[in-house]
Each structure stands twice: as C-alpha cells, then as structure tokens.
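Scroll down for the structure; my scribbles are underneath it.
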Amino acid sequence: MGPPSRSGFYVSRAVALLLAGLAAALLLALAVLASLYGRCARVPPSELRDRGAPAAAPSLPGKQEPASRPGPTPEPDAAASPPTWRPPGPWDQLRLPRWLVPLHYELELWPRLRPDDLSASALRFTGRVNITVRCTAATARLLLHSLFLDCERAEVHGPLSPDAGDATAGRSSVVETWFAVDMQYLVLELGEALQPGSLYELQLSFSGPVSQDTREGLFLNLYTDQGERRALLASQMEPTFARNVFPCFDEPALKATFNITIIHHPRYVALSNMPKLSQSEREDVNGSKWTVTTFHTTPPMPTYLAAFVVCDYGHISRIERGKEIRIWARKDAIAEGNADFALNITGPIFSFLEDLFNISYPLPKTDIIALPTFDNRAMENWGLLIFDESLLLLQPNDKLTEKKIVISFTVSHEIGHQWFGNLVTMNWWNNIWLNEGFASYFEFGIINHFIPKFPRNEIFFFNILHGALREDHALVSRAVSVNVESFTETNEINELFDLFTYSKGASLARMLSSFLNEKIFIRALKSYLETFSYANAEQDDLWRHFQMAIDDQSKILLPATVKSIMDSWTHQSGFPVITLNVSTGVMKQEPFYLGKVKNQTLLTHNDTWIIPVLWIKNGTTQSLVWLDKSSKVFPEMQISDSDHDWVILNLNMTGYYRVNYDELGWKKLNQQLEKDPKAIPVIHRLQLVDDAFSLSKNDYIEIETALDLTKYLAEEDEIIVWHAVLMNLVTRDLVSDGNNYEIYPLLKKYLLKRLISIWNTYSTTIRENVTALQEDYLALILLEKVFGTACWLGLEDCLQLSRELFRNWMNHPENEIPNPIKNVILCYGIALGNDKEWDFLLKIYNNNTKEEERIQLAYAMSCSKDPWILNRYMDYAITVSPFAFNETNVIEAVAEASEVGRYVAKDFLINNWQAVSKRYGTQSLVTLLYVIGRTISTDSQILELQQFCSNMLEEHQRLTVQAKLQTIRNENLKGKERSARIAAWLRKNT
C-alpha cells in the first residue's frame, strides 16, 4: 500500500474507537494465522489463482520421515511474510546472484496419484529437498527459484565439516522468508551471513499442484489402456519448470548431482534419470501403503534435465554395449508391437554417436517413454527420454506413411542431445542453439549413415532450410545467439525454442561443416565435447576449438578467424542475397528483405556477412571462395556467350543465403535446363526454382525470370522440384479465388502438358505396386501436392482415380486409401460425389477415436460442392451434435475448402453468428472474417464485411479486423498485379 492521502477525512470519537478495536482484532488474527502458516513463506493465494494454481495447499499428509541428514527438532524461526512492497534488489533480476553454487540435491517427491481415484480435480504432490551448496560470497540473504509451491519448512545447516560429517554442523536461523513472484524466487533472510568457501545444506519441505492443463513441471496424462481409464505422471522441466516441482537453482550453468526418491502407489512403476537403487514401503496416516523407490546418483547435470515418471506401463528392452535400453508405452501398444521399431533403432544410434565422437554414453541405462499427450513432442532428459507417442510408436503394418522416417529423425535428435546439451550444456539460454541446432544437424548424418541412399541434401532443404529461409529476414527476425540478459520475464526464454534456434542453427552448423570439411568439423567437436564434459560452454568456447582444429592443419585457409566468420551469422538477424554478374565476375551481398526497398539508406541493417561460396561451373566443382566484403571481383566466374557455359553458386545449398544472377546468368541457366536438365544436379534444380520465385516475390528479380525456369518441366522427374514449382504457382489463394478465372485455363494448359509425365509415373505405381512407395520418403511427403494439383486442374485420370479409390474403400473398407494421397482422395471423393459419399464419411468419423484421423475426415467433409450438404454439415456441427467436432472448427473448414464453401459459410454465419460464437468463441468470428475476406480487393468489399460483422464483434475487435482486412486488400492488389503478369507470360508461352 502507498502513503495515505494528505487530504484526510473526519470520523466521530465513537467510530474511531470502533475502528481501533477492529484493527486490534485484525492484528491478533494475523498473528494467529502467521503461527499456523508454518516456517516458510507461501505465494499469496490471489497470485496463485491468477496463475491458475490452487489458492491454498493442505499440510503434508502422513507422518513425515526425517530428512536424510536429520538435526534437532527445529523451533519456528520464520513466520509467513505478508505480501508487501520490497525495495529494488537481486530479486528483480532474471539471473540468480552468484552467492551460492549448488553441488548436490537430495530430492524426495510424493505425488498422491492413486489408480482407483482418477477424478481428483486438484491432484497435489509433497516433497522435500536438501541442497548442498558452496558459499562464494558472504551473504545473509539466499535466493532460490520456486513457483506455485507452498513451502512448509526452510532451514539452513552449516558450515558443514567435510571430515566430521553433519554432526558438528551448526544452524543459521531463518529470520524471514518471502516470494519475489515476478522473477519466481523464494528468498530466505538469515540472522547471520554465510561464510565464503564453506559448505551448507538448505533443507526445505514443500507441496505443489500437479498440472493438468499444461505439460509443465509435474503433469498428469489421462488415457485408456486395456479397456480401462488410467493416469500417469511425467515431468517437463525445460527450460524453467523445475522450479514448479521443487525449490532449486534453476539455471543451466548450475549443475549438480541428484539423489532422487519417488514415493508412489504400489500399482505404479517409478522412473527417473538413473537406475533404481532400492525400494521400501511407507505407510501414511490413513494406513495406506506406498512404495518408496530410490535411484542411483546422477552425474552433474542442470535442473532442467531432472526427470520423473510414475505410470502403469509395459516395456520392451534390449542390451546395447552392455547397457539396457527400455521403451515404455501403453500395454496395448507394447502388445501390438508398436514400440519395436523405436527399440531397434535406438541402440545403433547410440553406438554410432559414441564411435563418431569417441565418447561413451555415460549413464548405465536409457529409458524412453511414449506419453499419450506431450505438447513438447520429445524431451532429451538424461537417461529418461520422454516422447509424444505419435513420434515414437509405429504400427507394424504402417508401411505407407512418413512416420518411420519422422520417428527416426526424432529419436536421432533426442539421442544427439545426450552429447549436445546433456554432457556439455550451454552456459545460459542465449546459446540454446548450441543444443538444438547441433542436435537438428546430426539427425541427418545419423539417418544418412543407416540409409546411404537417403537424399540428404534434398530432405535437409525440405525439413530445415526452406522453412528457415522463408521466415528469416533482416530487421524483423532475431539472431540465433541473443542477448537474454536483457530479458525482463522468464517467459521470454520459452520463446527462444523456435524455428531460428532449431532450423537456422542446424543450417549454420551445416555451413560450418561444408567450408571446413567433415573431418575437421568432427575433430573440433570431439575436442569441444571432451573439454567441457559435465560442464558448461559458451558459443566462443566452440569457436575456439574449431580454431584449434584449423590451426593444426595447413590445407584449409580461412579469410578470418572462425569466431569472426561465425559471429557474422549468429549475432545478426536475417541472411544475405548474393548477386553474381557473370559478365564481369563481380559478386555483391546485401541483406534479404521481405520486399526489396529501393532506397536502401532508409534501412539500418549495415552489417555484412563473411560468406563461404562453394560453386560449380559447367557441372564441375570449383575451389571455395569467400565474399567478406560488400562486393568483390572473381574473374574465374566470368562466362562466355557459349551455349555450354553456366555457373551456379552455393554448392548443395550448404550456405545459408539466396543466390541471384544478372540477366545473362539466369538466361544461361535457363538454356541449360531446356537443353539438358540432368547436367544440373537435383539439389540445384530445386535451388534455382526456390531462389528465383522467392527473389521475384520480394522484388529482387522479375517474375518472368522465375517462370522461364519452368519451361523444361516436361523433362523433370524429381518430385521435390515439382513440389517447389507447384507451391509457388498453385497457391491456396489462387485455388480458392474465383476471380482468377483468367489465369486458371492458361495455367491448366501450361502445367498439364508438363505434369503428365510425372503423373503417369506415380499413378501407375499407385495402381500397380503401391508398396513401392514405402522406400521413397520424398514421395510419401510430397505426392499430395502433385495429386491435388492434377485433380484441381481437371486431369481426368486424376479425377477417375479419386472416384475409384474412394468407392473401392466404401465398398471394401479393408482396402485403405494410400496414405500419401489420402487427403486428396477423400476431398475429391466428396466433391465428385453426393450425400451418399458424405453420409458414409460422417459414419466413419463418428466411429473413429483417433484425433488425427478425425481431423482429416472433418476437413474432407467440407470439400462438398453442394450448398445444401455444406449447410447441413455446419448446422450439424453447432446445433445437432455440438460436441462431435471438437478438433475442428467446421465453419472455418468449409470457408477454406473452396469458393463455394466460402460463400455458403458467409451466409451461414450471417444467420447463425450467435450460435457460432457460442460454439467456437468470439475469436473464431475474427478468424472466419479473415478467411471469408481472403479475396477482397476493393474498399467497398471491406465496408461490406465491416457492416456484416458490426453486430458480432466488440469495438476493439472491429478495429483489429478493419486493419487486417486493409492489409489483406493491399496484399491482394499486389497479388493481382503478379497474377496478371503470370497470365501474360502464360499466354506468350502456352
């Protein structure tokens, strides 16, 4: 509370006496409450409620066992502190003060999960932790991380005597405890300062809520197995959720060893980072018996890697190089063999990385568990890896999906973390890319080792590079290595787990490997991992070990230090466009912007990159050159006017940049594609298409230059190149916009003539030997776009195949539609059919329990072209069966499916907007307006939509929609100009 007002007010004597009496009673009540509240501060209930946690916690149930190092029965030495204003101090900083260094945790957790009571809405756990710390600076104030926890007891013992044990340890009185909620600290105020260089033990007892809405800290999963409803508990500590589970020093550099004990119901098994050491029994005050499972001591590790699972699961196991690997999953899944694939690949991946780095995996076992629901996809906890089951389990008959490769990638990534992240941990979150970037990069080396024919460059482009280049650009995106010190909230750390950390980080690791060579790259990483094992490292530490590897040889010469080169990529946002003039050999660099700005002086991105340029000339690989200035001349890159002369920069797309050429350079490449496209490797045909369309879209080159590169496509038999072309020419806006009637027949005539060859190849495979697709990963993930385009363009064979496969499935459900084209066949089966096909799909939907398949079916039902079917569908979703389509906003699905659907959805929304709002929420109305307004291009259309939505939305929502619709209009006007130029080019070249 702030100072009272100076104006004051008048009260009578009687009222004053009454107020004084009430104040005295209030003070007495507060004193009683303080004594009842125990010895440790609690987060104020109002703050807990604001954060979604229970307002109050019960006291620790059952008789509490003594701590592992008991002392005399403590007297109360700290009362609960009422929330009050605090002066500025270390509790206002995101980083802990370096007064204490944790060395060891003795942690006990007791979650009250019972298999016969899964209905508890406020499941809680209790626990206690003894933390051995070294004092590095005299302090009478201790800060730990703690969030959502009620602390029942806090004591500080020491200094500890290394020789005599704890028997001679003193005790520092805890005068006051309180929470600094903003930075998630528990603060202990002591009666005397701790001594620098001495060891102490912090002893805390606590309780907290099990999360049921999020997968943070200790959380609950409910699921069905063997026909029964069951539950499990699991943990997710990264990046800053360990503090939700136990008071700790929750920063990656503060590594310590852990002795972990979990108390659980006897029906459950408990898992943690290390193997089980012992088990015993404990009885609570109600006479119920609980199992106490204690685990071996961990190696030094950060708190974010501590892991716990309490479950009723089955498992399978194998021994790899003397160490046990177990895959845990639902008992049904284990019995059906769904964990077999993951078990078979896990051991060999561990062995491959051990041999690659010449560093053995240091833990004695590995448990990998498949959770029914895990928002984080997968987590690399040392010794206990946690996965969403969709990324770990594979049905033995699942032949025609990409799941086998997706699981291989995910398992490889998490096992890669056992070295990058677990063994060597970044010092602070600003270098999280050292974990995620390198784990993402090594996914591809691992898969390529086991599948030598794997098209590594093309799949790296599709999975990693393309997405990073699409989202990254100067000024707006962020650098890979960020200044987290400037962050003001813990939540900002969570935002670092994004595409830049993973995909751009992996791309930069790949570029580094390419200009050094793989041998030097691995040698440097071995040195880095050996030096910093069980410790922490900065980005500069990594660069230093690469520099040492460079200095130990003489073949590879760099234009600058590794640090200077790589800092130019990790410390600034965006990436460069390099442009080569093939007539003069002049190469220049500039930042890539979303829409090139003609007046570059308006921009503030003045830095340059030190760019490695690997290149080919007339099909022959050339020596590496460096563009370390804004512009440089390379005479060897000049080409003659000969038909056989051409140059491509960025060999195998290992550099993290786009490439532009002058008019002659693009002309020569286009000529070569038309004459002999196979002379240019697949990865570079893909690169030319992707770079050219991206550069044209952002005003670096004309759209006609990109279109010229498509003339040869009748000879193109690589599906990934076709996919890149179609993603740029057949966009969603074009497909759903009836106003593009002019371009459609031109595009149809131009593309079908060239598409027919690759169509015949894959349609024949599907009709005659569909199982052959299971070895073609690119086809599994890319066929949908090719087939969808062929049907959209009206290719009769595609429409006929859709009818055949859909009707065959209707008549014989055991004849499943091939998964790579299932979305297309379902959609066109509905679009070409009538209510018979639609009703059949609804029946399949209602009998299906798999969320992924239900979403697929719900979207397919929106593909109907009959307005009465679509209206019936939307009415069914919001009134007749309002809970059937929980995974899908049916109105939005209909509006997105086709031009017909957009108009039908608009009319339905006008007549039923209150019901739609009640069913999907008011925010869904905003989203629907954007979908309905996707093709607007005039102010009158905006006005019409504004009038349409005036009764639906609140004022702030109307303003947001107005601004968004104006943006859509402007983008559409630009798109129409582009479409007009594409149409003119098609007329000329069809």
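By order in the structure tokens, chains are A, B, ...; within a chain, residues start at 1; ligands start at 1, following the order shown.
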
Checklist entry - Residues at most 8 Å from Met301 (chain A), counting only C-alpha atoms, excluding those fewer than 3 positions away in the same chain, as JSON, numbers by chain? => result {"A": [254, 255, 256, 257, 298, 305, 306, 422, 423, 534]}

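Counting only C-alpha atoms, Leu400 (chain A) has the following residues at most 10 Å away, ignoring those fewer than 5 positions along the same chain: Val770, Thr771, Ala772, Leu773, Gln774, Glu775, Asp776, Tyr777, Leu780, Ile817, Pro818, Asn819 and Pro820 of chain A.
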
Kindly save the residues from that selection, with N, CA and C atoms included, as a PDB file, in the first residue's frame.
```pdb
ATOM      1  N   VAL A 770       1.692 -50.196 -55.124  1.00  0.00           N
ATOM      2  CA  VAL A 770       1.712 -49.068 -54.205  1.00  0.00           C
ATOM      3  C   VAL A 770       2.728 -49.258 -53.075  1.00  0.00           C
ATOM      4  N   THR A 771       3.056 -50.513 -52.731  1.00  0.00           N
ATOM      5  CA  THR A 771       4.009 -50.735 -51.638  1.00  0.00           C
ATOM      6  C   THR A 771       5.405 -50.220 -51.979  1.00  0.00           C
ATOM      7  N   ALA A 772       5.682 -49.990 -53.256  1.00  0.00           N
ATOM      8  CA  ALA A 772       6.998 -49.456 -53.646  1.00  0.00           C
ATOM      9  C   ALA A 772       7.228 -48.060 -53.083  1.00  0.00           C
ATOM     10  N   LEU A 773       6.158 -47.360 -52.724  1.00  0.00           N
ATOM     11  CA  LEU A 773       6.295 -46.000 -52.195  1.00  0.00           C
ATOM     12  C   LEU A 773       6.932 -45.970 -50.818  1.00  0.00           C
ATOM     13  N   GLN A 774       6.890 -47.083 -50.080  1.00  0.00           N
ATOM     14  CA  GLN A 774       7.357 -47.046 -48.695  1.00  0.00           C
ATOM     15  C   GLN A 774       8.847 -46.758 -48.588  1.00  0.00           C
ATOM     16  N   GLU A 775       9.602 -46.962 -49.667  1.00  0.00           N
ATOM     17  CA  GLU A 775      11.033 -46.655 -49.639  1.00  0.00           C
ATOM     18  C   GLU A 775      11.338 -45.271 -50.211  1.00  0.00           C
ATOM     19  N   ASP A 776      10.315 -44.554 -50.636  1.00  0.00           N
ATOM     20  CA  ASP A 776      10.506 -43.239 -51.263  1.00  0.00           C
ATOM     21  C   ASP A 776       9.973 -42.162 -50.318  1.00  0.00           C
ATOM     22  N   TYR A 777      10.827 -41.701 -49.400  1.00  0.00           N
ATOM     23  CA  TYR A 777      10.399 -40.745 -48.387  1.00  0.00           C
ATOM     24  C   TYR A 777       9.881 -39.457 -49.014  1.00  0.00           C
ATOM     25  N   LEU A 780       6.409 -39.897 -50.195  1.00  0.00           N
ATOM     26  CA  LEU A 780       5.457 -40.006 -49.092  1.00  0.00           C
ATOM     27  C   LEU A 780       5.019 -38.634 -48.578  1.00  0.00           C
ATOM     28  N   ILE A 817      -7.184 -46.352 -48.459  1.00  0.00           N
ATOM     29  CA  ILE A 817      -6.636 -45.397 -49.423  1.00  0.00           C
ATOM     30  C   ILE A 817      -5.158 -45.164 -49.080  1.00  0.00           C
ATOM     31  N   PRO A 818      -4.253 -45.196 -50.067  1.00  0.00           N
ATOM     32  CA  PRO A 818      -2.824 -44.952 -49.781  1.00  0.00           C
ATOM     33  C   PRO A 818      -2.632 -43.632 -49.044  1.00  0.00           C
ATOM     34  N   ASN A 819      -1.933 -43.675 -47.936  1.00  0.00           N
ATOM     35  CA  ASN A 819      -1.820 -42.515 -47.056  1.00  0.00           C
ATOM     36  C   ASN A 819      -1.251 -41.267 -47.725  1.00  0.00           C
ATOM     37  N   PRO A 820      -0.242 -41.382 -48.603  1.00  0.00           N
ATOM     38  CA  PRO A 820       0.330 -40.142 -49.177  1.00  0.00           C
ATOM     39  C   PRO A 820      -0.679 -39.292 -49.933  1.00  0.00           C
TER      40      PRO A 820
END
```

Next on the checklist: Please return, as a ChimeraX atom specification, all residues of region 518-716 of chain A that DSSP assigns to strand (DSSP E or B) on the basis of the backbone.
Outcome noted: /A:535-537,576-581,586-591,611-613,615-617,620-621,625-627,631-633,647-649,658-661

Using only C-alpha atoms, find each residue in region 746-836 of chain A having at least one atom no more than 12 Å away from region 704-711 of chain A; report its shortest atom-to-atom pair and that distance in Å (one decimal), rows by chain then rising number, as a Markdown table.
```
| residue | atom | partner | partner_atom | distance |
| --- | --- | --- | --- | --- |
| A:Leu747 | CA | A:Leu707 | CA | 11.7 |
| A:Tyr750 | CA | A:Lys711 | CA | 9.1 |
| A:Leu751 | CA | A:Thr710 | CA | 9.4 |
| A:Lys753 | CA | A:Lys711 | CA | 10.6 |
| A:Arg754 | CA | A:Lys711 | CA | 8.4 |
| A:Leu755 | CA | A:Thr710 | CA | 11.1 |
```

Checklist entry - So which residues touch Glu324 (chain A) within 8 Å, counting only C-alpha atoms, skipping near sequence neighbours fewer than 4 positions away, as number ranges by chain? => result A: 317-320, 364-366

Residues at most 9 Å from Ile447 (chain A), counting only C-alpha atoms, excluding those fewer than 5 positions away in the same chain, as an mmCIF file with N, CA and C atoms, in the first residue's frame?
```
data_model
loop_
_atom_site.group_PDB
_atom_site.id
_atom_site.type_symbol
_atom_site.label_atom_id
_atom_site.label_comp_id
_atom_site.auth_asym_id
_atom_site.auth_seq_id
_atom_site.Cartn_x
_atom_site.Cartn_y
_atom_site.Cartn_z
ATOM 1 N N ILE A 349 21.841 -46.113 -32.922
ATOM 2 C CA ILE A 349 22.091 -44.666 -32.958
ATOM 3 C C ILE A 349 23.042 -44.270 -31.838
ATOM 4 N N ILE A 405 10.356 -42.507 -40.920
ATOM 5 C CA ILE A 405 11.454 -41.539 -41.005
ATOM 6 C C ILE A 405 11.294 -40.450 -39.958
ATOM 7 N N SER A 408 12.508 -41.820 -36.797
ATOM 8 C CA SER A 408 13.973 -41.910 -36.854
ATOM 9 C C SER A 408 14.617 -40.552 -36.625
ATOM 10 N N PHE A 409 14.076 -39.525 -37.249
ATOM 11 C CA PHE A 409 14.599 -38.170 -37.048
ATOM 12 C C PHE A 409 14.473 -37.752 -35.581
ATOM 13 N N SER A 412 16.765 -39.698 -33.266
ATOM 14 C CA SER A 412 18.138 -39.258 -33.509
ATOM 15 C C SER A 412 18.405 -37.905 -32.869
ATOM 16 N N PHE A 442 22.649 -33.164 -36.669
ATOM 17 C CA PHE A 442 23.109 -34.548 -36.655
ATOM 18 C C PHE A 442 21.995 -35.545 -36.945
ATOM 19 N N PRO A 452 22.114 -45.141 -46.639
ATOM 20 C CA PRO A 452 23.062 -44.417 -47.512
ATOM 21 C C PRO A 452 22.414 -43.776 -48.738
ATOM 22 N N PHE A 454 19.666 -42.270 -48.824
ATOM 23 C CA PHE A 454 18.818 -41.177 -48.357
ATOM 24 C C PHE A 454 19.226 -39.866 -49.032
ATOM 25 N N ARG A 456 20.021 -36.770 -48.761
ATOM 26 C CA ARG A 456 20.267 -35.922 -47.597
ATOM 27 C C ARG A 456 20.096 -34.441 -47.895
#
```

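The gap separating CA of Ile825 (chain A) from CA of Gln800 (chain A) is 10.2 Å, in Å to one decimal.
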